[in-house]
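For reference, the structure discussed in these notes is given below.
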Amino acid sequence: MKNIEEMTVRELVELGGEVKSPQRVSSDKAFKKRMAQKDQRSFVQFKDKGAKNVNQTLTLTQAGTLFGLMAYVGDNQGNLISEKEKLGTEQLAKLLKTSKASLQRNIGDLVSLGYVIANKEGRKVVYAVSPYLAIRGEKADKDLFSKLYVVELRKLIQTLTLPELGMLFMMIPYFNTKFYTLCRTPYELDANKVELFDRERFAEEIGVSLVQVKRLIASLLKKQALVGLRTCRTALIITPKLVSRQNRFVTIEEVTDVIGNELNVRERMEW
């Protein structure tokens, strides 16, 4: 029998082999490189369309509860799952570090609003986050969404209060897709056109008192759930460890370009 090197293309194919052109080889290498770079972290897709509407209807504690529940979304139906078991009130209360009575009250409100779905399985009531809001991430959705990284979110739940989680939840739709800065223009990709929020406008936007916004954001900065970058003013940035708006990391130079544009240098402002 001939060695592989001595075979014709036809003989090789007839034996079940595959012949690739140089272009195909190059294409396959590029594909493997893209796959190697693919984000392998577990995440939940939080859909942008429903995010702002949700903000207008929830208290900070309710928003914090919903954000905490998203850490346990386990499938594309929004079912809350841990260790392959659907979760009920008692289990969720322990995971979210709150009392059972408090969780029942908050989750009851979320069910009434349609953001959480309750299902009875035997004697146990289990819950799911509405798939219109969030599903377990496996591939990119056609709609705009934020990736919430499960491991990092669960870590935050252990250190943040429900109101702090709620404030962070309400901020997510306003973080810029490219620069991760809290702004009025979250989908603007030109650094010269990104308009940062100030405290007053942001408080008005989400319907929370200025006193609460200042107090909670100061606490989120202290607990490193947010990062503040200060030059002529302070920009709030959410860490890509928790939320990803795209598959890239922002640089300090890019953020300083945003802070220094004509829209943002008019006033000195700190959070």
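Going by the structure tokens order, chains are called A, B, ..., each with residues numbered from 1, while ligands are numbered from 1 in the order shown.
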
*For stretch 129-135 of chain A, please output as a list in words all residues within 6 Å (counting only C-alpha atoms; exclusion window: fewer than 6 positions along the same chain).*
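That gives Val44, Gln45, Phe46, Lys47, Gly50, Asn76, Gln77, Gly78, Tyr115 and Val116 of chain A.
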
Save out the residues we just selected, C-alpha atoms, as a PDB file, in the first residue's frame.
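Writing done, so here's again_33.pdb:
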ATOM      1  CA  VAL A  44     -27.220  35.175  32.331  1.00  0.00           C
ATOM      2  CA  GLN A  45     -28.567  37.325  29.508  1.00  0.00           C
ATOM      3  CA  PHE A  46     -30.342  40.363  30.951  1.00  0.00           C
ATOM      4  CA  LYS A  47     -32.389  41.852  28.125  1.00  0.00           C
ATOM      5  CA  GLY A  50     -37.284  45.217  29.612  1.00  0.00           C
ATOM      6  CA  ASN A  76     -33.677  29.318  28.909  1.00  0.00           C
ATOM      7  CA  GLN A  77     -37.025  29.190  30.724  1.00  0.00           C
ATOM      8  CA  GLY A  78     -35.661  31.281  33.591  1.00  0.00           C
ATOM      9  CA  TYR A 115     -41.206  39.551  36.649  1.00  0.00           C
ATOM     10  CA  VAL A 116     -41.103  36.228  38.504  1.00  0.00           C
TER      11      VAL A 116
END

*List every residue of stretch 96-226 of chain A that DSSP, applied to the backbone, labels as strand (DSSP E or B), and write the result as a PyMOL selection string.*
chain A and resi 116-121+124-129+134-136+145-149+175+181-183+196+226

Compile the contact shell of A:Leu110 as a compact mmCIF listing (two decimals) with N, CA, C and O atoms, in the first residue's frame: residues with an atom at most 9 Å away, counting only C-alpha atoms, same-chain residues fewer than 4 positions apart removed.
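Dumped to out-v2.txt:
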# COMPACT_ATOMS: atom_id res chain seq x y z
N LEU A 58 -40.08 49.18 40.43
CA LEU A 58 -39.57 48.47 41.60
C LEU A 58 -38.95 49.40 42.63
O LEU A 58 -38.35 50.42 42.29
N GLN A 62 -36.86 45.47 46.14
CA GLN A 62 -37.43 44.55 45.15
C GLN A 62 -36.45 44.33 44.00
O GLN A 62 -36.26 43.20 43.55
N ALA A 63 -35.81 45.41 43.56
CA ALA A 63 -34.84 45.30 42.47
C ALA A 63 -33.64 44.46 42.90
O ALA A 63 -33.13 43.64 42.12
N THR A 65 -33.68 42.06 45.13
CA THR A 65 -34.14 40.67 45.19
C THR A 65 -34.15 40.07 43.79
O THR A 65 -33.66 38.94 43.58
N LEU A 66 -34.69 40.80 42.81
CA LEU A 66 -34.72 40.29 41.44
C LEU A 66 -33.31 40.07 40.89
O LEU A 66 -33.03 39.06 40.24
N ARG A 105 -42.24 38.19 50.95
CA ARG A 105 -42.91 39.45 50.65
C ARG A 105 -42.40 40.04 49.32
O ARG A 105 -43.19 40.42 48.45
N ASN A 106 -41.07 40.08 49.16
CA ASN A 106 -40.50 40.66 47.95
C ASN A 106 -40.78 39.83 46.70
O ASN A 106 -41.11 40.36 45.64
N GLY A 114 -45.28 40.29 37.49
CA GLY A 114 -45.00 39.48 36.31
C GLY A 114 -43.54 39.27 36.00
O GLY A 114 -43.19 38.67 34.98
N TYR A 115 -42.64 39.71 36.89
CA TYR A 115 -41.21 39.55 36.65
C TYR A 115 -40.70 38.19 37.10
O TYR A 115 -39.65 37.72 36.66
N VAL A 116 -41.44 37.57 38.01
CA VAL A 116 -41.10 36.23 38.50
C VAL A 116 -42.33 35.35 38.36
O VAL A 116 -43.47 35.82 38.52
N ILE A 117 -42.11 34.08 38.05
CA ILE A 117 -43.20 33.12 37.86
C ILE A 117 -43.12 32.07 38.96
O ILE A 117 -42.03 31.53 39.24

*asked:* I'd like the neighbourhood of A:Ala118 as a count of residues only, where a residue qualifies if any of its atoms comes within 12 Å (using only C-alpha atoms), though same-chain residues fewer than 4 positions away should be ignored.
replied: 23

*Within 12 Å of A:Gly228, counting only C-alpha atoms, which residues show up once you throw out same-chain ones fewer than 5 positions away? Write them as a VMD selection string, please.*
chain A and resid 180 to 182 217 to 223 233 to 239 252 255 to 256 259 269 to 271

*asked:* Residues of stretch 53-168 of chain A classed as helix (DSSP H, G or I) by DSSP on the backbone are to be reported as a VMD selection string.
replied: chain A and resid 53 to 55 60 to 70 89 to 95 100 to 113 150 to 157 162 to 168

*Identify which of the residues A:Ser42, A:Gln158, A:Thr185, A:Gln212 lies closest to A:Leu95, counting only C-alpha atoms when measuring atom-to-atom distances.*
A:Gln158
